[in-house]
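Asks: Structure supplied as run_4.pdb; contents: PDB, C-alpha atoms.
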ATOM      1  CA  MET Y  30      20.762 108.887  53.904
ATOM      2  CA  LYS Y  31      18.641 110.993  56.217
ATOM      3  CA  LYS Y  32      16.781 107.861  57.339
ATOM      4  CA  LEU Y  33      20.097 106.096  58.000
ATOM      5  CA  ALA Y  34      21.314 108.948  60.189
ATOM      6  CA  SER Y  35      18.024 108.996  62.107
ATOM      7  CA  SER Y  36      18.194 105.238  62.686
ATOM      8  CA  ILE Y  37      21.702 105.442  64.104
ATOM      9  CA  LEU Y  38      20.759 108.310  66.401
ATOM     10  CA  PHE Y  39      17.682 106.437  67.647
ATOM     11  CA  ALA Y  40      19.736 103.311  68.379
ATOM     12  CA  LEU Y  41      22.223 105.343  70.405
ATOM     13  CA  CYS Y  42      19.631 107.043  72.626
ATOM     14  CA  GLY Y  43      19.846 104.327  75.293
ATOM     15  CA  LEU Y  44      23.609 104.733  75.552
ATOM     16  CA  PHE Y  45      23.328 108.357  76.598
ATOM     17  CA  ALA Y  46      20.601 108.038  79.225
ATOM     18  CA  ALA Y  47      20.770 110.299  82.266
ATOM     19  CA  PRO Y  48      22.924 108.828  85.069
ATOM     20  CA  ALA Y  49      21.324 107.440  88.229
ATOM     21  CA  PHE Y  50      22.111 109.128  91.539
ATOM     22  CA  ALA Y  51      22.176 107.304  94.864
ATOM     23  CA  GLY Y  52      20.298 108.621  97.879
ATOM     24  CA  THR Y  53      21.682 108.947 101.399
ATOM     25  CA  ILE Y  54      20.055 108.192 104.747
ATOM     26  CA  SER Y  55      21.771 109.846 107.727
ATOM     27  CA  ILE Y  56      20.720 108.968 111.284
ATOM     28  CA  ASP Y  57      22.226 110.609 114.375
ATOM     29  CA  PHE Y  58      19.584 109.066 116.682
ATOM     30  CA  GLU Y  59      18.520 112.490 117.984
ATOM     31  CA  HIS Y  60      15.290 112.567 115.962
ATOM     32  CA  THR Y  61      12.866 110.201 114.290
ATOM     33  CA  PRO Y  62      10.780 110.931 111.186
ATOM     34  CA  GLY Y  63       7.473 112.741 111.662
ATOM     35  CA  LEU Y  64       4.258 112.277 109.703
ATOM     36  CA  ASP Y  65       6.014 112.879 106.387
ATOM     37  CA  GLY Y  66       8.257 109.858 107.033
ATOM     38  CA  ILE Y  67      11.419 111.823 106.229
ATOM     39  CA  LEU Y  68      14.305 112.919 108.424
ATOM     40  CA  GLY Y  69      15.544 116.491 108.290
ATOM     41  CA  THR Y  70      12.183 118.224 107.931
ATOM     42  CA  ALA Y  71      10.189 120.497 110.223
ATOM     43  CA  ASP Y  72       8.021 117.723 111.636
ATOM     44  CA  ASP Y  73      10.881 115.531 112.888
ATOM     45  CA  VAL Y  74      10.219 114.137 116.351
ATOM     46  CA  ALA Y  75      12.893 114.485 119.047
ATOM     47  CA  MET Y  76      14.079 111.198 120.496
ATOM     48  CA  PRO Y  77      12.606 110.746 123.997
ATOM     49  CA  ASN Y  78      14.826 111.686 126.927
ATOM     50  CA  THR Y  79      15.117 108.153 128.183
ATOM     51  CA  TYR Y  80      18.300 106.686 129.606
ATOM     52  CA  LEU Y  81      17.810 103.341 127.861
ATOM     53  CA  GLN Y  82      15.369 102.316 125.154
ATOM     54  CA  THR Y  83      15.056  99.504 122.651
ATOM     55  CA  LEU Y  84      15.510 100.227 118.970
ATOM     56  CA  SER Y  85      12.889  98.622 116.747
ATOM     57  CA  THR Y  86      10.670 100.459 114.248
ATOM     58  CA  GLN Y  87      11.575 104.085 115.014
ATOM     59  CA  TYR Y  88      13.080 104.401 111.519
ATOM     60  CA  ALA Y  89      10.752 102.048 109.650
ATOM     61  CA  SER Y  90       9.538 104.853 107.375
ATOM     62  CA  LEU Y  91      13.124 105.126 106.123
ATOM     63  CA  GLY Y  92      13.239 101.392 105.444
ATOM     64  CA  LEU Y  93      15.165 100.362 108.596
ATOM     65  CA  THR Y  94      13.925  97.933 111.225
ATOM     66  CA  PHE Y  95      16.163  97.097 114.168
ATOM     67  CA  THR Y  96      15.704  93.483 115.225
ATOM     68  CA  GLN Y  97      18.371  93.976 117.901
ATOM     69  CA  GLY Y  98      19.843  97.106 119.426
ATOM     70  CA  GLN Y  99      19.510  99.545 122.310
ATOM     71  CA  LEU Y 100      19.788 103.306 122.506
ATOM     72  CA  LEU Y 101      21.489 105.028 125.429
ATOM     73  CA  GLN Y 102      21.379 108.690 126.461
ATOM     74  CA  THR Y 103      24.394 109.834 128.501
ATOM     75  CA  SER Y 104      27.433 112.094 128.192
ATOM     76  CA  PHE Y 105      29.723 109.084 127.774
ATOM     77  CA  TYR Y 106      29.990 109.137 123.976
ATOM     78  CA  ASN Y 107      30.827 112.788 123.275
ATOM     79  CA  GLY Y 108      30.465 114.676 126.556
ATOM     80  CA  ASP Y 109      26.914 115.832 125.815
ATOM     81  CA  PRO Y 110      24.440 114.429 128.375
ATOM     82  CA  SER Y 111      21.575 114.776 125.878
ATOM     83  CA  ASN Y 112      23.318 112.712 123.195
ATOM     84  CA  HIS Y 113      21.667 109.477 122.050
ATOM     85  CA  PHE Y 114      23.831 106.663 120.717
ATOM     86  CA  MET Y 115      23.627 102.930 120.269
ATOM     87  CA  SER Y 116      25.104 101.007 123.175
ATOM     88  CA  SER Y 117      24.412  97.408 122.417
ATOM     89  CA  ARG Y 118      25.924  93.958 122.124
ATOM     90  CA  ASN Y 119      25.058  93.287 118.499
ATOM     91  CA  PRO Y 120      22.785  95.676 116.588
ATOM     92  CA  ILE Y 121      21.074  93.986 113.635
ATOM     93  CA  VAL Y 122      19.134  95.968 111.028
ATOM     94  CA  GLN Y 123      16.781  94.747 108.302
ATOM     95  CA  LEU Y 124      16.380  96.973 105.238
ATOM     96  CA  SER Y 125      13.383  97.252 102.932
ATOM     97  CA  THR Y 126      15.498  98.995 100.284
ATOM     98  CA  ALA Y 127      18.742  97.754  98.776
ATOM     99  CA  MET Y 128      21.820  99.613 100.001
ATOM    100  CA  SER Y 129      25.321  99.883  98.574
ATOM    101  CA  SER Y 130      27.391 101.267 101.465
ATOM    102  CA  LEU Y 131      27.301 102.325 105.090
ATOM    103  CA  SER Y 132      29.404 104.160 107.607
ATOM    104  CA  ILE Y 133      29.061 104.324 111.370
ATOM    105  CA  ASP Y 134      31.076 105.996 114.135
ATOM    106  CA  SER Y 135      32.354 103.973 117.059
ATOM    107  CA  TYR Y 136      33.742 104.724 120.500
ATOM    108  CA  SER Y 137      34.316 101.244 121.801
ATOM    109  CA  ILE Y 138      36.797  99.243 123.805
ATOM    110  CA  TRP Y 139      36.481  96.248 121.476
ATOM    111  CA  ASN Y 140      37.109  95.507 117.824
ATOM    112  CA  VAL Y 141      34.048  96.355 115.724
ATOM    113  CA  THR Y 142      32.968  94.260 112.737
ATOM    114  CA  VAL Y 143      30.163  95.146 110.338
ATOM    115  CA  THR Y 144      28.767  92.398 108.110
ATOM    116  CA  LEU Y 145      26.519  93.004 105.104
ATOM    117  CA  TYR Y 146      23.952  90.435 103.929
ATOM    118  CA  ASP Y 147      22.155  89.906 100.629
ATOM    119  CA  ILE Y 148      18.395  89.501 100.230
ATOM    120  CA  ASP Y 149      18.668  85.801 101.170
ATOM    121  CA  GLY Y 150      20.621  86.504 104.357
ATOM    122  CA  ASN Y 151      24.001  85.419 103.008
ATOM    123  CA  ALA Y 152      27.044  87.399 104.149
ATOM    124  CA  ILE Y 153      28.534  89.213 101.157
ATOM    125  CA  TRP Y 154      30.979  91.687 102.734
ATOM    126  CA  TRP Y 155      32.520  92.640 106.048
ATOM    127  CA  GLU Y 156      34.832  95.306 107.436
ATOM    128  CA  GLN Y 157      36.508  95.649 110.829
ATOM    129  CA  LEU Y 158      37.602  98.614 112.916
ATOM    130  CA  PHE Y 159      40.612  97.178 114.735
ATOM    131  CA  ASN Y 160      41.428  98.380 118.239
ATOM    132  CA  PRO Y 161      45.109  97.619 118.983
ATOM    133  CA  ALA Y 162      44.369  97.967 122.707
ATOM    134  CA  ALA Y 163      41.098  96.033 122.689
ATOM    135  CA  GLY Y 164      39.812  95.309 126.165
ATOM    136  CA  SER Y 165      41.839  98.042 127.856
ATOM    137  CA  SER Y 166      41.392 101.311 125.931
ATOM    138  CA  PHE Y 167      38.524 102.944 124.047
ATOM    139  CA  LEU Y 168      39.091 103.721 120.373
ATOM    140  CA  ARG Y 169      37.188 106.428 118.499
ATOM    141  CA  GLY Y 170      36.903 105.809 114.779
ATOM    142  CA  GLN Y 171      34.654 105.330 111.787
ATOM    143  CA  LEU Y 172      33.777 102.049 110.137
ATOM    144  CA  VAL Y 173      33.045 102.194 106.393
ATOM    145  CA  ALA Y 174      31.767  99.282 104.303
ATOM    146  CA  ILE Y 175      31.189  99.451 100.538
ATOM    147  CA  SER Y 176      29.476  96.375  99.180
ATOM    148  CA  PRO Y 177      30.252  94.832  95.765
ATOM    149  CA  GLU Y 178      26.524  94.092  95.422
ATOM    150  CA  PRO Y 179      23.312  95.390  97.037
ATOM    151  CA  PHE Y 180      22.717  94.421 100.666
ATOM    152  CA  TYR Y 181      19.437  94.160 102.566
ATOM    153  CA  SER Y 182      20.569  93.814 106.180
ATOM    154  CA  PHE Y 183      23.622  94.333 108.322
ATOM    155  CA  SER Y 184      24.982  93.560 111.762
ATOM    156  CA  VAL Y 185      27.588  95.305 113.901
ATOM    157  CA  LEU Y 186      29.337  92.897 116.235
ATOM    158  CA  PRO Y 187      32.133  92.910 118.815
ATOM    159  CA  ASP Y 188      34.598  90.033 119.102
ATOM    160  CA  ASN Y 189      32.458  88.431 121.788
ATOM    161  CA  PRO Y 190      28.618  88.553 121.661
ATOM    162  CA  ASN Y 191      28.532  89.601 125.334
ATOM    163  CA  GLN Y 192      30.619  92.731 124.751
ATOM    164  CA  ILE Y 193      29.080  96.197 124.364
ATOM    165  CA  LEU Y 194      29.663  98.528 121.401
ATOM    166  CA  ASN Y 195      29.010 102.277 121.411
ATOM    167  CA  LEU Y 196      27.926 103.493 117.971
ATOM    168  CA  ASP Y 197      26.544 106.703 116.489
ATOM    169  CA  ASN Y 198      25.948 108.586 113.228
ATOM    170  CA  LEU Y 199      24.782 105.875 110.860
ATOM    171  CA  VAL Y 200      24.901 106.762 107.152
ATOM    172  CA  LEU Y 201      23.504 104.486 104.437
ATOM    173  CA  THR Y 202      23.665 104.918 100.673
ATOM    174  CA  THR Y 203      20.850 103.428  98.639
ATOM    175  CA  TYR Y 204      21.728 101.121  95.786
ATOM    176  CA  GLU Y 205      21.226 102.419  92.257
ATOM    177  CA  PRO Y 206      21.966 100.276  89.180
ATOM    178  CA  SER Y 207      24.970 101.634  87.346
ATOM    179  CA  VAL Y 208      24.522 103.244  83.955
ATOM    180  CA  ASP Y 209      26.860 101.989  81.251
ATOM    181  CA  VAL Y 210      29.290 104.543  79.850
ATOM    182  CA  PRO Y 211      29.331 104.552  76.038
ATOM    183  CA  GLU Y 212      32.259 102.674  74.516
ATOM    184  CA  PRO Y 213      34.557 104.514  72.078
ATOM    185  CA  SER Y 214      32.907 102.590  69.229
ATOM    186  CA  ALA Y 215      29.504 103.955  70.281
ATOM    187  CA  LEU Y 216      30.901 107.468  70.330
ATOM    188  CA  ALA Y 217      32.302 106.910  66.841
ATOM    189  CA  LEU Y 218      28.867 105.793  65.633
ATOM    190  CA  PHE Y 219      27.345 108.904  67.163
ATOM    191  CA  ALA Y 220      29.853 111.107  65.344
ATOM    192  CA  LEU Y 221      29.136 109.246  62.093
ATOM    193  CA  ALA Y 222      25.403 109.777  62.540
ATOM    194  CA  MET Y 223      25.944 113.486  63.064
ATOM    195  CA  MET Y 224      28.089 113.692  59.932
ATOM    196  CA  LEU Y 225      25.522 111.793  57.861
ATOM    197  CA  GLY Y 226      22.760 114.006  59.196
ATOM    198  CA  GLY Y 227      24.692 117.113  58.213
ATOM    199  CA  LEU Y 228      25.432 115.711  54.772
ATOM    200  CA  ALA Y 229      21.788 114.812  54.224
ATOM    201  CA  TRP Y 230      20.764 118.344  55.141
ATOM    202  CA  ARG Y 231      23.288 119.814  52.703
ATOM    203  CA  VAL Y 232      22.049 117.572  49.875
ATOM    204  CA  ARG Y 233      18.403 118.508  50.463
ATOM    205  CA  ALA Y 234      19.004 122.190  51.160
ATOM    206  CA  PRO Y 235      17.546 124.469  48.436
ATOM    207  CA  ARG Y 236      20.095 126.118  46.198
TER     208      ARG Y 236
END
What does the file become when written as structure tokens?
Replies:
Amino acid sequence: MKKLASSILFALCGLFAAPAFAGTISIDFEHTPGLDGILGTADDVAMPNTYLQTLSTQYASLGLTFTQGQLLQTSFYNGDPSNHFMSSRNPIVQLSTAMSSLSIDSYSIWNVTVTLYDIDGNAIWWEQLFNPAAGSSFLRGQLVAISPEPFYSFSVLPDNPNQILNLDNLVLTTYEPSVDVPEPSALALFALAMMLGGLAWRVRAPR
């Protein structure tokens, strides 16, 4: 009986594994990673005070490579002349790590659409920040996209490829495989194993 209880407990170990936690990458475009390759540490490097610069591999150590995109430094976005933000027609980012969601702030005069792509470059999800006064009034808002499966690249596009979007504060959540929650039947087996273990101990206990 003791062996039976032990066997049941051993079989259930995989059902009660520790849950996986997703990581978050937050980029405000004011700093780039230093030698440690991580943002938010003492060796972060301040973004150069340049009016316009091309985004490419500044965040490669975090797994992001911009194949399209430009960074602007003016007071236009939030009133701070030192603020850096993306001001670009169609930023496109390749990812070396699978992601599950993203959010990005926008202050644009056009509708903003984010599209997520799988490892083969197929579009798997998209979300749009709709501007009811597109073309005549700027709209400040946040675009959030949660993918049903891991994505490895994304693009942020206006309605027309020649239109400019103003974007800031990119947040990505890394993809972590979900951990199955034990079914009620598994919990019942666990309770049975505990009962059998207790009974076996009582039978073998010296009197």
Asks: Skip Leu196 (chain Y) itself and residues of its chain fewer than 2 positions away, then list as a count of residues only all residues within 7 Å of it, counting only C-alpha atoms.
Replies: 8
Asks: Out of Y:Ser166, Y:Thr94, Y:Ser182, Y:Gln157, which residue has the shortest atom-to-atom distance to Thr142 (chain Y) when counting all atoms listed in the file?
Replies: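 Going through Y:Ser166, Y:Thr94, Y:Ser182, Y:Gln157 one by one, the smallest distance to Thr142 (chain Y) is for Y:Gln157.
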Asks: May I ask for the distance between CA of Ile138 (chain Y) and CA of Gln171 (chain Y), given in Å to one decimal place?
Replies: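 Between CA of Ile138 (chain Y) and CA of Gln171 (chain Y) the gap is 13.6 Å.
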Asks: For Tyr88 (chain Y), which residue out of Y:Asp109, Y:Asp57, Y:Glu156, Y:Asp188 is the nearest one, using only C-alpha atoms?
Replies: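 Closest residue, counting only C-alpha atoms: Y:Asp57.
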Asks: Suppose a student applies the PyMOL selection byres ((chain Y and resi 81-83) around 9) to this structure; what residues should they get, written as an MDAnalysis selection string?
Replies: chainID Y and resid 77:80 84:85 95 97:102 116
Asks: For a test of reading the model, state the distance in Å between CA of Thr86 (chain Y) and CA of Ile175 (chain Y), rounded to one decimal.
Replies: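 Computing the Euclidean distance for CA of Thr86 (chain Y) and CA of Ile175 (chain Y) yields 24.7 Å.
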Asks: Using CA of Gly92 (chain Y) and CA of His60 (chain Y) as the two end points, give the distance in Å to one decimal.
Replies: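 Answer for the CA of Gly92 (chain Y) to CA of His60 (chain Y) separation: 15.5 Å.
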Asks: When the PyMOL selection byres ((chain Y and resi 176) around 9) is applied to the file above, which residues end up in the set, as a PyMOL selection string?
Replies: chain Y and resi 128-131+145+153-155+174-175+177-180
Asks: Find the spatial neighbours of Ile193 (chain Y), counting all atoms listed in the file, within a cut-off of 8 Å - ignore same-chain residues fewer than 2 positions away - and output them as a list of chain:residue names.
Replies: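 The residues satisfying every condition are Y:Ser116, Y:Ser117, Y:Arg118, Y:Asn119, Y:Ser137, Y:Trp139, Y:Pro187, Y:Asn191, Y:Asn195.
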Asks: Which centre and edge lengths in Å to one decimal define the box along x, y and z that fits every listed atom of region 76-95 of chain Y plus 8 Å per side, as JSON?
Replies:
{"center_x": 13.9, "center_y": 104.4, "center_z": 117.5, "size_x": 24.8, "size_y": 30.6, "size_z": 40.2}
Asks: Determine the nearest neighbour of Leu199 (chain Y) from the options Y:Asn151, Y:Ser104, Y:Thr144, Y:Ser132, counting only C-alpha atoms.
Replies: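 The shortest atom-to-atom distance to Leu199 (chain Y) comes from Y:Ser132.
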Asks: Taking only C-alpha atoms into account, which of Y:His113, Y:Asn107, Y:Val200, Y:Phe167 comes nearest Glu59 (chain Y)?
Replies: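 With only C-alpha atoms as the atom set, the closest residue is Y:His113.
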Asks: Under the rule that all atoms listed in the file are counted, which of Y:Leu158, Y:Ala152, Y:Val141, Y:Ile54 is the nearest residue to Ile67 (chain Y)?
Replies: Y:Ile54
Asks: Got a sec: who's within 7 Å of Pro62 (chain Y), counting only C-alpha atoms, leaving out chain neighbours fewer than 6 positions off, as a PyMOL selection string?
Replies: chain Y and resi 68+73-74+88
Asks: Nearest residue to Ala127 (chain Y) out of Y:Tyr146, Y:Phe159, Y:Phe58, Y:Tyr106, using only C-alpha atoms?
Replies: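 When distances to Ala127 (chain Y) are compared using only C-alpha atoms, the smallest one comes from Y:Tyr146.
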